Amino acid sequence: MSRRALSILAGAVLALVLAIVAVATMNLSPSGQSGGGSGTADIGGAFTLTGEDGTIVTEADFVGKPTAIFFGFTFCPDVCPTTLYELSGLIEALGPDADKLNYAFVSVDWQRDGPAELARYTSSFDDRIRGLAGTEEQIEAITKAYRVYYKKIPTDDGDYTIDHTASVYLMDGEGGFVGTLSYGEAHDSMLEKLKRLAASA
Amino acid sequence: MRFPTYTLIAAMLFAATPALAGDYTLGKLDIDRPWTRATPPGAKAAGGFVTIANSSAEDDRLVSASAIFAGRVELHTMDMTDGVMKMRHLPDGIPVPAGETVSLAPGGLHVMFMELKEPISEATPVPVSLTFEKAGTIEIEMSVAKPGAPAPENHKHMHDEGKN
Ligand SMILES: [Cu+2]
């Protein structure tokens, strides 16, 4: 085997290991966090985005209340509206406790989704879910901070769709990562996690 | 007097299942529970869902769909791996093999309505045309659920029963 082939192989093995570590870290649930959670400590962090009314929103606006935050785009036909619908139902089920949390929907489609598009889109769901838009740099920054995968995929008609992480990230009142709600997770399990998050507020 | 087995089975199924609005037959294809969701204001895309059962001995294929309310309609698949949603166009359509049932459902296969000309509004069924390679074309109406709803409202109850 040539040196070049060896180094390619080594690179591939390293990439695989990194991918496994990344996936393992992503899947940590709130209950799995009791062991210290050092691997998850760096999910989250500073961001600057624009709210539906055009005002700047940063991580500082969420401090003091735990937050449920997820990423998507308004051209998404299924997962994003489904998550918004689910989250609206969970907010309703939480009752008065719902106001102890922040809820945010960040569009990774910086090209097509501005504050106005997000304001219209989220009007079909619970008022407490805030649509957040950003520039390319701002979206790059927050997706890196939250370890959110997103990738534009060109379509035949010259348009594009976006592959993206569909989980809802749960953060505590200081912006620290607590766990996730995954797409397709049972309603009761998600409600339980949000109740625990609200109780920690 | 003898009935072919499938007639008997069909008769039994028919007797056991209350007739539902919005279920269709095209040749040997049963096209059931077509539904979509109301779109939030400004939305440009929506997914349509339906269950197709092929009781013939011949494979068929859903090759295309069209709708007056959408500039483009495609057949798509969606896949969720490690929490990442990926959606892809299926240029060759969706196979409906002989004797099998194929479900277009949230989280997977769907009719993708794009370039929506008007919002899809709740409780007003929308006309959609489906074209199969062998069985031909059928005009159906999709019922409309709330934006993001996981199931069509009038069938939710049946689904729950089936699972328990
Ligand atoms: Cu699609």
# chains A, B, ... in the order shown; residues from 1 in each chain; ligands from 1

$ select_by_dssp --residues "region 27-192 of chain A" --states "strand (DSSP E)" --output "ChimeraX atom specification"
/A:48-50,56-58,67-72,102-107,129-132,150-154,160-165,168-171,177-181

$ closest_atom_pairs --of "chain B" --to "ligand 1" --cutoff "6 Å" --atoms "only C-alpha atoms and all ligand atoms" --output "CSV"
residue,atom,partner,partner_atom_place_in_ligand_line,distance
B:His76,CA,ligand 1,1 (Cu),4.8
B:Met87,CA,ligand 1,1 (Cu),5.7
B:Met112,CA,ligand 1,1 (Cu),4.6

$ interface_residues --of "chain B" --to "chain A" --cutoff "6 Å" --atoms "only C-alpha atoms" --output "list of chain:residue names"
B:Pro40, B:Pro41, B:Lys44, B:Ala45, B:Ala46, B:Gly47, B:Gly83, B:Val84, B:Met85, B:Lys86, B:Gly148

$ write_last_selection --atoms "N, CA and C atoms" --output "PDB file, in the first residue's frame"
ATOM      1  N   PRO B  40     -49.323  27.432   6.175  1.00  0.00           N
ATOM      2  CA  PRO B  40     -49.184  28.715   6.876  1.00  0.00           C
ATOM      3  C   PRO B  40     -49.091  29.822   5.831  1.00  0.00           C
ATOM      4  N   PRO B  41     -49.479  31.052   6.182  1.00  0.00           N
ATOM      5  CA  PRO B  41     -49.417  32.146   5.216  1.00  0.00           C
ATOM      6  C   PRO B  41     -48.013  32.280   4.628  1.00  0.00           C
ATOM      7  N   LYS B  44     -44.639  28.175   0.507  1.00  0.00           N
ATOM      8  CA  LYS B  44     -44.539  27.913  -0.923  1.00  0.00           C
ATOM      9  C   LYS B  44     -44.657  26.430  -1.244  1.00  0.00           C
ATOM     10  N   ALA B  45     -44.659  25.580  -0.215  1.00  0.00           N
ATOM     11  CA  ALA B  45     -44.655  24.139  -0.453  1.00  0.00           C
ATOM     12  C   ALA B  45     -45.558  23.421   0.539  1.00  0.00           C
ATOM     13  N   ALA B  46     -46.059  22.266   0.103  1.00  0.00           N
ATOM     14  CA  ALA B  46     -46.868  21.425   0.986  1.00  0.00           C
ATOM     15  C   ALA B  46     -46.694  19.978   0.567  1.00  0.00           C
ATOM     16  N   GLY B  47     -46.946  19.082   1.498  1.00  0.00           N
ATOM     17  CA  GLY B  47     -46.845  17.658   1.201  1.00  0.00           C
ATOM     18  C   GLY B  47     -48.231  17.041   1.136  1.00  0.00           C
ATOM     19  N   GLY B  83     -31.097  12.217  13.067  1.00  0.00           N
ATOM     20  CA  GLY B  83     -31.739  13.493  13.359  1.00  0.00           C
ATOM     21  C   GLY B  83     -31.697  14.500  12.227  1.00  0.00           C
ATOM     22  N   VAL B  84     -31.130  14.094  11.074  1.00  0.00           N
ATOM     23  CA  VAL B  84     -31.064  15.022   9.935  1.00  0.00           C
ATOM     24  C   VAL B  84     -32.126  14.659   8.898  1.00  0.00           C
ATOM     25  N   MET B  85     -32.945  15.646   8.528  1.00  0.00           N
ATOM     26  CA  MET B  85     -33.983  15.462   7.528  1.00  0.00           C
ATOM     27  C   MET B  85     -33.394  15.675   6.142  1.00  0.00           C
ATOM     28  N   LYS B  86     -33.628  14.684   5.277  1.00  0.00           N
ATOM     29  CA  LYS B  86     -33.203  14.824   3.884  1.00  0.00           C
ATOM     30  C   LYS B  86     -34.380  14.527   2.982  1.00  0.00           C
ATOM     31  N   GLY B 148     -49.316  21.346   9.654  1.00  0.00           N
ATOM     32  CA  GLY B 148     -48.415  20.508  10.448  1.00  0.00           C
ATOM     33  C   GLY B 148     -49.058  19.328  11.147  1.00  0.00           C
TER      34      GLY B 148
END

$ select_by_dssp --residues "region 80-162 of chain B" --states "alpha helix (DSSP H)" --output "list in words"
Lys156, His157, Met158, His159, Asp160, Glu161 and Gly162 of chain B

$ residues_around --residues "Ile139 (chain A)" --least-positions-apart "4" --cutoff "9 Å" --atoms "only C-alpha atoms" --output "mmCIF file with N, CA, C and O atoms, in the first residue's frame"
data_model
loop_
_atom_site.group_PDB
_atom_site.id
_atom_site.type_symbol
_atom_site.label_atom_id
_atom_site.label_comp_id
_atom_site.auth_asym_id
_atom_site.auth_seq_id
_atom_site.Cartn_x
_atom_site.Cartn_y
_atom_site.Cartn_z
ATOM 1 N N PHE A 47 -25.149 34.092 19.795
ATOM 2 C CA PHE A 47 -25.660 34.262 18.431
ATOM 3 C C PHE A 47 -26.297 35.633 18.286
ATOM 4 O O PHE A 47 -26.662 36.275 19.275
ATOM 5 N N THR A 48 -26.389 36.087 17.051
ATOM 6 C CA THR A 48 -27.122 37.311 16.737
ATOM 7 C C THR A 48 -28.037 37.000 15.570
ATOM 8 O O THR A 48 -27.575 36.522 14.525
ATOM 9 N N LEU A 49 -29.341 37.209 15.775
ATOM 10 C CA LEU A 49 -30.326 36.947 14.726
ATOM 11 C C LEU A 49 -31.329 38.093 14.710
ATOM 12 O O LEU A 49 -31.223 39.023 15.516
ATOM 13 N N VAL A 106 -35.507 28.829 14.192
ATOM 14 C CA VAL A 106 -34.490 29.541 13.427
ATOM 15 C C VAL A 106 -34.514 29.038 11.983
ATOM 16 O O VAL A 106 -34.395 27.834 11.748
ATOM 17 N N SER A 107 -34.677 29.928 11.033
ATOM 18 C CA SER A 107 -34.622 29.484 9.638
ATOM 19 C C SER A 107 -33.177 29.443 9.161
ATOM 20 O O SER A 107 -32.459 30.437 9.225
ATOM 21 N N VAL A 108 -32.768 28.271 8.656
ATOM 22 C CA VAL A 108 -31.418 28.145 8.093
ATOM 23 C C VAL A 108 -31.398 28.600 6.631
ATOM 24 O O VAL A 108 -30.362 28.632 5.993
ATOM 25 N N ASP A 109 -32.582 28.982 6.120
ATOM 26 C CA ASP A 109 -32.690 29.421 4.725
ATOM 27 C C ASP A 109 -32.490 30.926 4.657
ATOM 28 O O ASP A 109 -33.427 31.689 4.413
ATOM 29 N N TRP A 110 -31.253 31.387 4.889
ATOM 30 C CA TRP A 110 -30.970 32.819 4.975
ATOM 31 C C TRP A 110 -31.261 33.536 3.665
ATOM 32 O O TRP A 110 -31.467 34.736 3.642
ATOM 33 N N ALA A 133 -34.539 34.974 11.985
ATOM 34 C CA ALA A 133 -33.854 34.943 10.694
ATOM 35 C C ALA A 133 -32.430 35.446 10.879
ATOM 36 O O ALA A 133 -32.109 36.075 11.883
ATOM 37 N N GLY A 134 -31.583 35.147 9.904
ATOM 38 C CA GLY A 134 -30.211 35.634 10.001
ATOM 39 C C GLY A 134 -29.573 35.765 8.631
ATOM 40 O O GLY A 134 -30.111 35.283 7.628
ATOM 41 N N THR A 135 -28.431 36.425 8.594
ATOM 42 C CA THR A 135 -27.637 36.484 7.369
ATOM 43 C C THR A 135 -26.872 35.168 7.248
ATOM 44 O O THR A 135 -26.867 34.360 8.178
ATOM 45 N N THR A 143 -25.486 27.743 13.689
ATOM 46 C CA THR A 143 -25.542 26.303 13.411
ATOM 47 C C THR A 143 -24.250 25.628 13.877
ATOM 48 O O THR A 143 -24.268 24.495 14.335
ATOM 49 N N LYS A 144 -23.140 26.345 13.792
ATOM 50 C CA LYS A 144 -21.888 25.803 14.304
ATOM 51 C C LYS A 144 -21.975 25.671 15.825
ATOM 52 O O LYS A 144 -21.620 24.646 16.394
#

$ residues_around --residues "region 69-71 of chain B" --least-positions-apart "5" --cutoff "7 Å" --atoms "only C-alpha atoms" --output "PyMOL selection string"
chain B and resi 113-118

$ write_last_selection --atoms "C-alpha atoms" --output "PDB file, in the first residue's frame"
ATOM      1  CA  PHE B 113     -46.678  20.652  -4.063  1.00  0.00           C
ATOM      2  CA  MET B 114     -44.414  23.577  -4.921  1.00  0.00           C
ATOM      3  CA  GLU B 115     -44.815  27.136  -6.154  1.00  0.00           C
ATOM      4  CA  LEU B 116     -48.229  27.264  -4.489  1.00  0.00           C
ATOM      5  CA  LYS B 117     -50.469  29.720  -6.335  1.00  0.00           C
ATOM      6  CA  GLU B 118     -52.751  30.130  -3.347  1.00  0.00           C
TER       7      GLU B 118
END

$ residues_around --residues "region 64-66 of chain B" --least-positions-apart "3" --cutoff "6 Å" --atoms "only C-alpha atoms" --output "ChimeraX atom specification"
/B:73,128-131

$ closest_residue --among "A:Gly89, A:Gly131, A:Gly158, A:Pro115" --to "Met190 (chain A)" --atoms "only C-alpha atoms"
A:Gly89

$ atom_distance --atom1 "CA of Ser200 (chain A)" --atom2 "CA of Gly173 (chain A)"
8.3 Å

$ atom_distance --atom1 "CA of Thr137 (chain B)" --atom2 "CA of Tyr160 (chain A)"
28.7 Å

$ residues_around --residues "region 93-104 of chain B" --least-positions-apart "6" --cutoff "9 Å" --atoms "only C-alpha atoms" --output "list in words"
Asp30, Gly48, Phe49, Val50, Thr51, Ile52, Ala53, Asn54, Ser55, Ser56, Ala57, Glu58, Asp59, Asp60, Arg61, Leu62, Val63, Ser64, Glu74, Leu75, His76, Thr77, His110 and Val111 of chain B

$ closest_residue --among "A:Asp113, A:Leu132, A:Tyr103, A:Pro96" --to "Val57 (chain A)" --atoms "only C-alpha atoms"
A:Leu132

$ atom_distance --atom1 "CA of Asp32 (chain B)" --atom2 "CA of Glu185 (chain A)"
26.2 Å

$ closest_residue --among "B:Ile68, B:Ala135, B:Met80, B:Leu109" --to "Lys28 (chain B)" --atoms "only C-alpha atoms"
B:Ala135
